[in-house]
Amino acid sequence: MNKNPEPNNNNKTKGTITLPNTATNLYNYLTIGTVIILTGAGILFFQRKRKLAVDLSEKGNS
């Protein structure tokens with residue numbers, strides 16, 4: 001039995017072995033979704049903070 005088998009010649013291109021194209025866009029979509037959610041949460045946070053500051057300043061003036 002051969003302990004060092006030769007690589008499959010079907011996937012060889014000029015002496016290098018090429019991998020099959022099995023990549024997916026899953027992590028790209030996950031990253032984009034996370035950025036969108038964090039951006040929305042940040043906008044919501046700052047809007048509420050600004051509204052609270054305006055409400056407190058109006059109560060202090062009356």
# chains A, B, ... in the order shown; residues from 1 in each chain; ligands from 1
>>> select_by_dssp(residues="range 12-46 of chain A", states="helix (DSSP H, G or I)", output="NGL selection string")
:A and (26-46)
>>> atom_distance(atom1="CA of Gly33 in chain A", atom2="CA of Phe45 in chain A")
18.2 Å
>>> atom_distance(atom1="CA of Ser57 in chain A", atom2="CA of Gly42 in chain A")
22.6 Å
>>> atom_distance(atom1="CA of Leu26 in chain A", atom2="CA of Ala41 in chain A")
22.5 Å
